[in-house]
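Here is my_file_18.pdb, consisting of PDB, C-alpha atoms and all ligand atoms:
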ATOM      1  CA  MET S   1     101.527 108.650  91.375
ATOM      2  CA  SER S   2     101.353 106.556  88.233
ATOM      3  CA  CYS S   3     101.875 103.043  86.828
ATOM      4  CA  LYS S   4     103.735 102.526  83.575
ATOM      5  CA  ASP S   5     103.324  99.122  81.890
ATOM      6  CA  VAL S   6     103.016  97.334  85.214
ATOM      7  CA  ASP S   7     102.939  93.533  85.270
ATOM      8  CA  VAL S   8     102.743  91.607  88.532
ATOM      9  CA  TYR S   9     103.769  87.967  88.778
ATOM     10  CA  TYR S  10     103.467  85.319  91.462
ATOM     11  CA  GLY S  11     106.226  82.962  90.409
ATOM     12  CA  LYS S  12     105.511  82.159  86.747
ATOM     13  CA  PHE S  13     101.860  83.187  87.004
ATOM     14  CA  ARG S  14     101.190  86.647  85.608
ATOM     15  CA  ALA S  15      98.366  88.023  87.766
ATOM     16  CA  VAL S  16      98.177  91.500  86.201
ATOM     17  CA  THR S  17      99.549  92.851  82.943
ATOM     18  CA  GLY S  18     100.104  96.098  81.098
ATOM     19  CA  VAL S  19      98.611  98.530  83.585
ATOM     20  CA  ASN S  20      98.986 102.232  82.847
ATOM     21  CA  LEU S  21      97.274 104.528  85.327
ATOM     22  CA  GLU S  22      97.664 108.042  86.681
ATOM     23  CA  PHE S  23      96.456 108.759  90.189
ATOM     24  CA  GLY S  24      95.513 112.407  90.593
ATOM     25  CA  ARG S  25      96.835 114.251  93.614
ATOM     26  CA  ASN S  26      94.090 114.865  96.192
ATOM     27  CA  GLU S  27      91.765 112.673  94.244
ATOM     28  CA  ILE S  28      90.101 109.399  95.117
ATOM     29  CA  THR S  29      90.606 106.654  92.539
ATOM     30  CA  ALA S  30      88.502 103.500  92.768
ATOM     31  CA  LEU S  31      89.705 100.151  91.417
ATOM     32  CA  ILE S  32      86.756  97.922  90.553
ATOM     33  CA  GLY S  33      86.254  94.606  88.777
ATOM     34  CA  PRO S  34      85.327  90.977  89.350
ATOM     35  CA  SER S  35      86.989  88.811  91.983
ATOM     36  CA  GLY S  36      90.450  87.606  90.980
ATOM     37  CA  CYS S  37      91.129  90.325  88.396
ATOM     38  CA  GLY S  38      94.125  91.554  90.389
ATOM     39  CA  LYS S  39      92.877  94.651  92.205
ATOM     40  CA  SER S  40      94.558  93.774  95.508
ATOM     41  CA  THR S  41      97.657  92.631  93.663
ATOM     42  CA  LEU S  42      97.950  95.940  91.850
ATOM     43  CA  LEU S  43      97.192  97.918  95.005
ATOM     44  CA  ARG S  44      99.961  96.106  96.893
ATOM     45  CA  SER S  45     102.387  96.913  94.084
ATOM     46  CA  LEU S  46     101.808 100.629  94.673
ATOM     47  CA  ASN S  47     103.677 100.645  97.979
ATOM     48  CA  ARG S  48     105.894  97.583  97.609
ATOM     49  CA  MET S  49     103.723  95.530  99.918
ATOM     50  CA  ASN S  50     104.175  92.699  97.380
ATOM     51  CA  ASP S  51     107.838  92.559  98.420
ATOM     52  CA  LEU S  52     106.542  90.730 101.491
ATOM     53  CA  VAL S  53     104.732  88.096  99.406
ATOM     54  CA  ASP S  54     106.809  85.034  98.435
ATOM     55  CA  GLY S  55     107.482  84.832  94.703
ATOM     56  CA  ALA S  56     105.805  88.146  93.871
ATOM     57  CA  ARG S  57     107.548  90.325  91.298
ATOM     58  CA  VAL S  58     106.649  93.647  89.714
ATOM     59  CA  ASP S  59     107.755  94.628  86.202
ATOM     60  CA  GLY S  60     107.359  98.142  84.822
ATOM     61  CA  ASP S  61     107.486 101.363  86.792
ATOM     62  CA  VAL S  62     105.463 102.701  89.686
ATOM     63  CA  LEU S  63     106.281 106.376  89.739
ATOM     64  CA  PHE S  64     105.759 108.383  92.893
ATOM     65  CA  MET S  65     106.688 112.061  92.765
ATOM     66  CA  GLY S  66     108.543 111.297  89.546
ATOM     67  CA  GLU S  67     110.628 108.467  90.947
ATOM     68  CA  ASP S  68     110.272 104.709  90.401
ATOM     69  CA  ILE S  69     109.635 103.180  93.832
ATOM     70  CA  TYR S  70     111.264  99.933  92.592
ATOM     71  CA  ARG S  71     114.494 101.633  91.599
ATOM     72  CA  LYS S  72     117.609 100.194  93.206
ATOM     73  CA  GLY S  73     118.463 101.993  96.419
ATOM     74  CA  VAL S  74     114.900 103.040  97.276
ATOM     75  CA  ASP S  75     114.033 102.064 100.857
ATOM     76  CA  PRO S  76     110.768 100.046 100.837
ATOM     77  CA  ILE S  77     110.042 100.985 104.447
ATOM     78  CA  GLU S  78     110.168 104.673 103.577
ATOM     79  CA  VAL S  79     107.945 103.942 100.541
ATOM     80  CA  ARG S  80     105.376 102.322 102.845
ATOM     81  CA  ARG S  81     105.515 105.234 105.257
ATOM     82  CA  ARG S  82     104.743 107.715 102.471
ATOM     83  CA  ILE S  83     102.212 105.418 100.812
ATOM     84  CA  GLY S  84     100.197 103.906 103.645
ATOM     85  CA  MET S  85      97.724 101.052 103.510
ATOM     86  CA  VAL S  86      94.423 100.210 105.177
ATOM     87  CA  PHE S  87      93.211  96.623 104.917
ATOM     88  CA  GLN S  88      89.876  94.935 104.467
ATOM     89  CA  LYS S  89      89.649  93.664 108.022
ATOM     90  CA  PRO S  90      90.498  96.244 110.676
ATOM     91  CA  ASN S  91      93.809  95.061 112.144
ATOM     92  CA  PRO S  92      94.644  97.114 115.229
ATOM     93  CA  PHE S  93      97.750  96.052 117.139
ATOM     94  CA  PRO S  94      97.194  94.337 120.530
ATOM     95  CA  LYS S  95      97.984  97.607 122.248
ATOM     96  CA  SER S  96      96.157 100.587 123.683
ATOM     97  CA  ILE S  97      94.383 103.033 121.397
ATOM     98  CA  TYR S  98      97.126 105.567 122.123
ATOM     99  CA  ASP S  99      99.959 103.147 121.388
ATOM    100  CA  ASN S 100      98.375 102.021 118.119
ATOM    101  CA  ILE S 101      98.775 105.591 116.876
ATOM    102  CA  ALA S 102     102.144 106.275 118.498
ATOM    103  CA  TYR S 103     103.681 103.019 117.233
ATOM    104  CA  GLY S 104     104.459 104.148 113.670
ATOM    105  CA  PRO S 105     106.027 107.484 114.608
ATOM    106  CA  ARG S 106     108.118 105.695 117.267
ATOM    107  CA  VAL S 107     109.460 102.872 115.104
ATOM    108  CA  THR S 108     110.171 105.132 112.140
ATOM    109  CA  GLY S 109     112.022 107.535 114.435
ATOM    110  CA  MET S 110     109.845 110.481 113.467
ATOM    111  CA  LYS S 111     110.792 113.745 115.137
ATOM    112  CA  VAL S 112     107.772 114.589 117.260
ATOM    113  CA  ASP S 113     107.399 117.611 119.558
ATOM    114  CA  SER S 114     104.502 116.159 121.454
ATOM    115  CA  MET S 115     103.280 112.594 120.956
ATOM    116  CA  ASP S 116     100.034 113.494 122.741
ATOM    117  CA  ASP S 117      99.357 116.198 120.164
ATOM    118  CA  LEU S 118     100.187 113.890 117.292
ATOM    119  CA  VAL S 119      97.860 111.182 118.635
ATOM    120  CA  GLU S 120      95.058 113.705 119.062
ATOM    121  CA  GLU S 121      95.603 115.128 115.588
ATOM    122  CA  ALA S 122      95.544 111.723 113.878
ATOM    123  CA  LEU S 123      92.434 110.607 115.793
ATOM    124  CA  THR S 124      90.725 113.921 115.052
ATOM    125  CA  LYS S 125      91.453 113.621 111.328
ATOM    126  CA  ALA S 126      90.066 110.105 111.383
ATOM    127  CA  VAL S 127      86.911 111.442 113.116
ATOM    128  CA  LEU S 128      87.429 109.166 116.101
ATOM    129  CA  TRP S 129      88.791 111.528 118.761
ATOM    130  CA  ASP S 130      85.503 112.377 120.460
ATOM    131  CA  GLU S 131      84.633 108.704 120.815
ATOM    132  CA  VAL S 132      87.953 107.621 122.349
ATOM    133  CA  LYS S 133      89.511 110.643 124.049
ATOM    134  CA  ASP S 134      88.538 109.382 127.506
ATOM    135  CA  LYS S 135      89.845 105.843 126.986
ATOM    136  CA  LEU S 136      93.135 106.246 125.162
ATOM    137  CA  LYS S 137      94.867 103.755 127.477
ATOM    138  CA  GLN S 138      92.291 101.039 126.842
ATOM    139  CA  SER S 139      92.870  98.193 124.412
ATOM    140  CA  ALA S 140      92.037  98.896 120.766
ATOM    141  CA  PHE S 141      90.230  95.546 120.700
ATOM    142  CA  GLY S 142      87.477  97.085 122.833
ATOM    143  CA  LEU S 143      86.387  99.285 119.926
ATOM    144  CA  SER S 144      83.623  98.412 117.462
ATOM    145  CA  GLY S 145      84.575  97.267 113.952
ATOM    146  CA  GLY S 146      83.875 100.679 112.463
ATOM    147  CA  GLN S 147      85.865 102.396 115.207
ATOM    148  CA  GLN S 148      88.735  99.937 114.721
ATOM    149  CA  GLN S 149      88.801 100.741 111.010
ATOM    150  CA  ARG S 150      88.927 104.483 111.751
ATOM    151  CA  LEU S 151      91.704 103.727 114.258
ATOM    152  CA  CYS S 152      93.631 101.945 111.493
ATOM    153  CA  ILE S 153      93.133 104.968 109.251
ATOM    154  CA  ALA S 154      94.356 107.225 112.088
ATOM    155  CA  ARG S 155      97.374 104.933 112.515
ATOM    156  CA  THR S 156      98.133 105.284 108.807
ATOM    157  CA  ILE S 157      97.795 109.061 108.952
ATOM    158  CA  ALA S 158     100.023 109.317 112.047
ATOM    159  CA  VAL S 159     103.218 108.736 110.058
ATOM    160  CA  LYS S 160     102.242 111.559 107.685
ATOM    161  CA  PRO S 161     101.908 109.735 104.377
ATOM    162  CA  ASP S 162     101.107 111.354 101.029
ATOM    163  CA  VAL S 163      98.999 108.527  99.674
ATOM    164  CA  ILE S 164      96.553 106.153 101.369
ATOM    165  CA  LEU S 165      95.758 102.805  99.758
ATOM    166  CA  MET S 166      92.573 101.093 100.947
ATOM    167  CA  ASP S 167      91.622  97.516 100.096
ATOM    168  CA  GLU S 168      87.871  97.099 100.591
ATOM    169  CA  PRO S 169      88.022  99.105 103.822
ATOM    170  CA  CYS S 170      84.277  98.889 104.454
ATOM    171  CA  SER S 171      83.517  95.293 103.548
ATOM    172  CA  ALA S 172      83.410  94.217 107.201
ATOM    173  CA  LEU S 173      81.318  97.207 108.301
ATOM    174  CA  ASP S 174      77.614  97.932 108.593
ATOM    175  CA  PRO S 175      76.007 100.656 106.439
ATOM    176  CA  ILE S 176      76.334 103.353 109.101
ATOM    177  CA  ALA S 177      80.008 102.668 109.788
ATOM    178  CA  THR S 178      80.517 102.498 106.004
ATOM    179  CA  MET S 179      78.942 105.928 105.603
ATOM    180  CA  ARG S 180      81.245 107.333 108.260
ATOM    181  CA  ILE S 181      84.307 105.959 106.477
ATOM    182  CA  GLU S 182      83.066 107.387 103.173
ATOM    183  CA  ASP S 183      82.533 110.798 104.797
ATOM    184  CA  LEU S 184      86.005 110.498 106.291
ATOM    185  CA  MET S 185      87.488 109.748 102.865
ATOM    186  CA  GLN S 186      85.955 112.941 101.520
ATOM    187  CA  GLU S 187      87.640 114.850 104.339
ATOM    188  CA  LEU S 188      90.961 113.106 103.830
ATOM    189  CA  ARG S 189      91.186 113.743 100.111
ATOM    190  CA  GLN S 190      91.879 117.389 100.888
ATOM    191  CA  ASP S 191      95.253 116.308 102.277
ATOM    192  CA  TYR S 192      95.890 112.927 100.694
ATOM    193  CA  THR S 193      95.707 111.021  97.458
ATOM    194  CA  ILE S 194      93.539 107.954  97.972
ATOM    195  CA  VAL S 195      93.280 104.705  96.019
ATOM    196  CA  ILE S 196      90.457 102.402  97.078
ATOM    197  CA  VAL S 197      89.537  98.884  95.990
ATOM    198  CA  THR S 198      85.833  98.289  96.362
ATOM    199  CA  HIS S 199      83.282  95.692  95.323
ATOM    200  CA  ASN S 200      80.530  98.125  96.128
ATOM    201  CA  MET S 201      79.676  99.926  92.915
ATOM    202  CA  GLN S 202      77.544 102.516  94.695
ATOM    203  CA  GLN S 203      80.502 103.242  96.922
ATOM    204  CA  ALA S 204      82.782 103.818  93.930
ATOM    205  CA  ALA S 205      80.153 106.073  92.377
ATOM    206  CA  ARG S 206      79.723 108.009  95.646
ATOM    207  CA  VAL S 207      83.320 108.572  96.660
ATOM    208  CA  ALA S 208      85.645 108.296  93.682
ATOM    209  CA  ASP S 209      86.737 111.055  91.336
ATOM    210  CA  ARG S 210      88.090 108.499  88.900
ATOM    211  CA  THR S 211      87.390 104.833  88.439
ATOM    212  CA  ALA S 212      89.475 102.087  86.866
ATOM    213  CA  PHE S 213      87.672  98.940  85.730
ATOM    214  CA  PHE S 214      89.673  95.705  85.524
ATOM    215  CA  THR S 215      88.801  92.288  84.262
ATOM    216  CA  ALA S 216      90.605  88.953  83.938
ATOM    217  CA  LEU S 217      91.351  87.467  80.526
ATOM    218  CA  ALA S 218      92.027  83.743  80.164
ATOM    219  CA  ASP S 219      95.113  82.713  78.205
ATOM    220  CA  LYS S 220      94.039  80.468  75.319
ATOM    221  CA  GLY S 221      96.938  78.081  75.895
ATOM    222  CA  THR S 222      97.336  77.783  79.639
ATOM    223  CA  GLY S 223      93.919  78.981  80.770
ATOM    224  CA  ASP S 224      95.642  81.290  83.274
ATOM    225  CA  ARG S 225      93.544  84.323  84.053
ATOM    226  CA  THR S 226      95.434  87.583  83.946
ATOM    227  CA  GLY S 227      94.053  90.926  85.077
ATOM    228  CA  VAL S 228      93.960  93.836  82.643
ATOM    229  CA  LEU S 229      92.769  97.412  82.894
ATOM    230  CA  VAL S 230      89.743  97.762  80.624
ATOM    231  CA  GLU S 231      88.781 101.364  81.124
ATOM    232  CA  PHE S 232      89.818 104.318  83.237
ATOM    233  CA  GLY S 233      88.154 107.691  83.445
ATOM    234  CA  ARG S 234      86.111 110.106  85.507
ATOM    235  CA  THR S 235      83.698 108.151  87.676
ATOM    236  CA  THR S 236      80.667 109.823  86.094
ATOM    237  CA  GLN S 237      81.884 108.820  82.635
ATOM    238  CA  ILE S 238      82.602 105.227  83.645
ATOM    239  CA  PHE S 239      79.176 104.793  85.229
ATOM    240  CA  GLU S 240      77.034 106.867  82.868
ATOM    241  CA  ASP S 241      78.809 106.539  79.559
ATOM    242  CA  PRO S 242      81.197 103.553  79.561
ATOM    243  CA  ARG S 243      83.172 103.229  76.334
ATOM    244  CA  ASP S 244      83.796  99.486  76.605
ATOM    245  CA  GLN S 245      81.049  96.889  76.457
ATOM    246  CA  ARG S 246      82.730  94.912  79.266
ATOM    247  CA  THR S 247      82.562  97.922  81.577
ATOM    248  CA  GLU S 248      78.912  98.418  80.748
ATOM    249  CA  ASP S 249      78.114  94.746  81.376
ATOM    250  CA  TYR S 250      79.878  94.830  84.732
ATOM    251  CA  ILE S 251      78.407  98.027  86.103
ATOM    252  CA  SER S 252      74.917  97.079  84.963
ATOM    253  CA  GLY S 253      75.279  93.767  86.800
ATOM    254  CA  ARG S 254      75.328  91.475  83.773
ATOM    255  CA  PHE S 255      78.754  90.117  84.685
ATOM    256  CA  GLY S 256      80.880  89.483  87.761
TER     257      GLY S 256
HETATM  258  N1  LIG C 301     100.067  85.468  97.309
HETATM  259  C1  LIG C 301      99.652  84.977  96.139
HETATM  260  N2  LIG C 301     100.282  83.934  95.554
HETATM  261  C2  LIG C 301      99.869  83.423  94.378
HETATM  262  N3  LIG C 301      98.819  83.904  93.679
HETATM  263  C3  LIG C 301      98.159  84.942  94.203
HETATM  264  C4  LIG C 301      98.527  85.529  95.453
HETATM  265  N4  LIG C 301      97.667  86.545  95.718
HETATM  266  C5  LIG C 301      96.808  86.578  94.687
HETATM  267  N5  LIG C 301      97.094  85.627  93.779
HETATM  268  C6  LIG C 301      96.385  85.369  92.503
HETATM  269  O1  LIG C 301      96.424  86.552  91.711
HETATM  270  C7  LIG C 301      95.172  86.776  91.079
HETATM  271  C8  LIG C 301      94.653  88.150  91.489
HETATM  272  O2  LIG C 301      94.324  88.101  92.881
HETATM  273  P1  LIG C 301      93.881  89.384  93.697
HETATM  274  O3  LIG C 301      93.772  88.981  95.124
HETATM  275  O4  LIG C 301      94.783  90.507  93.367
HETATM  276  O5  LIG C 301      92.442  89.665  93.054
HETATM  277  P2  LIG C 301      91.325  90.715  93.498
HETATM  278  O6  LIG C 301      90.891  91.414  92.257
HETATM  279  O7  LIG C 301      91.788  91.529  94.634
HETATM  280  O8  LIG C 301      90.141  89.730  93.952
HETATM  281  P3  LIG C 301      89.029  89.945  95.120
HETATM  282  O9  LIG C 301      88.047  90.905  94.528
HETATM  283  O10 LIG C 301      88.452  88.579  95.289
HETATM  284  O11 LIG C 301      89.710  90.466  96.340
HETATM  285  C9  LIG C 301      94.280  85.619  91.468
HETATM  286  O12 LIG C 301      94.328  84.660  90.444
HETATM  287  C10 LIG C 301      94.902  85.097  92.735
HETATM  288  O13 LIG C 301      94.667  83.728  92.895
HETATM  289 MG    MG C 302      91.197  91.735  96.614
END
Let's see the structure in the file written out as structure tokens.
Amino acid sequence: MSCKDVDVYYGKFRAVTGVNLEFGRNEITALIGPSGCGKSTLLRSLNRMNDLVDGARVDGDVLFMGEDIYRKGVDPIEVRRRIGMVFQKPNPFPKSIYDNIAYGPRVTGMKVDSMDDLVEEALTKAVLWDEVKDKLKQSAFGLSGGQQQRLCIARTIAVKPDVILMDEPCSALDPIATMRIEDLMQELRQDYTIVIVTHNMQQAARVADRTAFFTALADKGTGDRTGVLVEFGRTTQIFEDPRDQRTEDYISGRFG
């Protein structure tokens, strides 16, 4: 998946501009940068989630398997099935654990031999099966925050996406639950391409193959702050040998 000259607007306000990025298959890419620099905005443009935001518009191309997902005739619902998203706050549906997983395959009309098998497979991949296998009919709200987040990851996996987008998936979790999600991400990257927004620099350094650092630049006239990509490279390079002073200042804690 890649971005070519992507700008994202909310009405007249340009939130992000000129982003060119390549997301490696079966790699984890971290998007980092100070609050308001457009990380969530860019992430939502990668699966047309911004379509659901009033006034949001994306210019440029987001190429997925060689095709622009914004091209006329592309079905945004199919885009979101193939490029799934996990949010900051775990958001299980008010349904049973089982039905949270089965929901996506049902509504998208997926051909499924055995829903029980599919539910087990998704929960196993999300490393949650052993903890919930005896209470599949119970409400998802009865799970801990960390379990709910793994349930949401299992729900995303259930519709068999190619890419998983995660927006600060651990920010509501304690260190142990965070570690479990990070371990899970390492497992998942064998089958999926993952893009994660994180404020936790150690987390980016631990999990990501590549890291993109963004910042916001103020327009001299209007004062509007627009997000730009400052530097993108292998995570080790970004953290150990940043090429741009702004990257260095940010990762060493002098800014943001
Ligand atoms: N729905 C919206 N309507 C209008 N402006 C928005 C909307 N969502 C975000 N913005 C603006 O776009 C800019 C980028 O916001 P965004 O949420 O993408 O930043 P972020 O990097 O994810 O920040 P944080 O780290 O705080 O989550 C900000 O100036 C924000 O106010
Ligand atoms: Mg955000």
Using only C-alpha atoms and all ligand atoms, what are the residues with an atom within 7 Å of ligand MG 302 (chain C), set out as a list in words? Ser35, Gly38, Lys39, Ser40 and Asp167 of chain S
May I have the residues within 10 Å of ligand LIG 301 (chain C), computed using all atoms listed in the file, as an MDAnalysis selection string? chainID S and resid 8:16 31:45 50 52:56 88 167:168 197:199 214:216 224:227 256
Compile the contact shell of Thr211 in chain S as a PyMOL selection string: residues with an atom at most 7 Å away, counting all atoms listed in the file, same-chain residues fewer than 2 positions apart removed. chain S and resi 29-31+208-209+213+232-235+238
Please produce an output containing C-alpha atoms for each residue in the selection, written as an mmCIF file, in the coordinates of the input.
data_model
loop_
_atom_site.group_PDB
_atom_site.id
_atom_site.type_symbol
_atom_site.label_atom_id
_atom_site.label_comp_id
_atom_site.auth_asym_id
_atom_site.auth_seq_id
_atom_site.Cartn_x
_atom_site.Cartn_y
_atom_site.Cartn_z
ATOM 1 C CA THR S 29 90.606 106.654 92.539
ATOM 2 C CA ALA S 30 88.502 103.500 92.768
ATOM 3 C CA LEU S 31 89.705 100.151 91.417
ATOM 4 C CA ALA S 208 85.645 108.296 93.682
ATOM 5 C CA ASP S 209 86.737 111.055 91.336
ATOM 6 C CA PHE S 213 87.672 98.940 85.730
ATOM 7 C CA PHE S 232 89.818 104.318 83.237
ATOM 8 C CA GLY S 233 88.154 107.691 83.445
ATOM 9 C CA ARG S 234 86.111 110.106 85.507
ATOM 10 C CA THR S 235 83.698 108.151 87.676
ATOM 11 C CA ILE S 238 82.602 105.227 83.645
#
Report as number ranges by chain all protein, DNA and RNA residues lying within 12 Å of Asp68 in chain S, evaluated on all atoms listed in the file, omitting residues in the same chain fewer than 3 positions from it. S: 1-4, 6, 45-48, 58-65, 71-76, 79
Report the distance between CA of Ile196 in chain S and CA of Leu165 in chain S in Å, rounded to one decimal place. 6.0 Å
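By only C-alpha atoms, and with residues fewer than 3 positions from Asp191 in chain S along its chain excluded, the set lying at most 12 Å from it is Arg25, Asn26, Glu27, Ile28, Lys125, Ile157, Lys160, Pro161, Asp162, Val163, Ile164, Leu184, Met185, Gln186, Glu187, Leu188 and Ile194 of chain S.
The set of residues that the PyMOL selection byres (((chain S and resi 142) around 12) and not hetatm) takes from this file is S:Pro92, S:Phe93, S:Pro94, S:Lys95, S:Ser96, S:Ile97, S:Val132, S:Lys135, S:Leu136, S:Lys137, S:Gln138, S:Ser139, S:Ala140, S:Phe141, S:Leu143, S:Ser144, S:Gly145, S:Gly146, S:Gln147, S:Gln148, S:Leu151.
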I want to know what sits within 6 Å of range 99-111 of chain S, based on all atoms listed in the file, with residues of the same chain fewer than 4 positions away left out; could you give that as a VMD selection string? chain S and resid 95 119 155 159
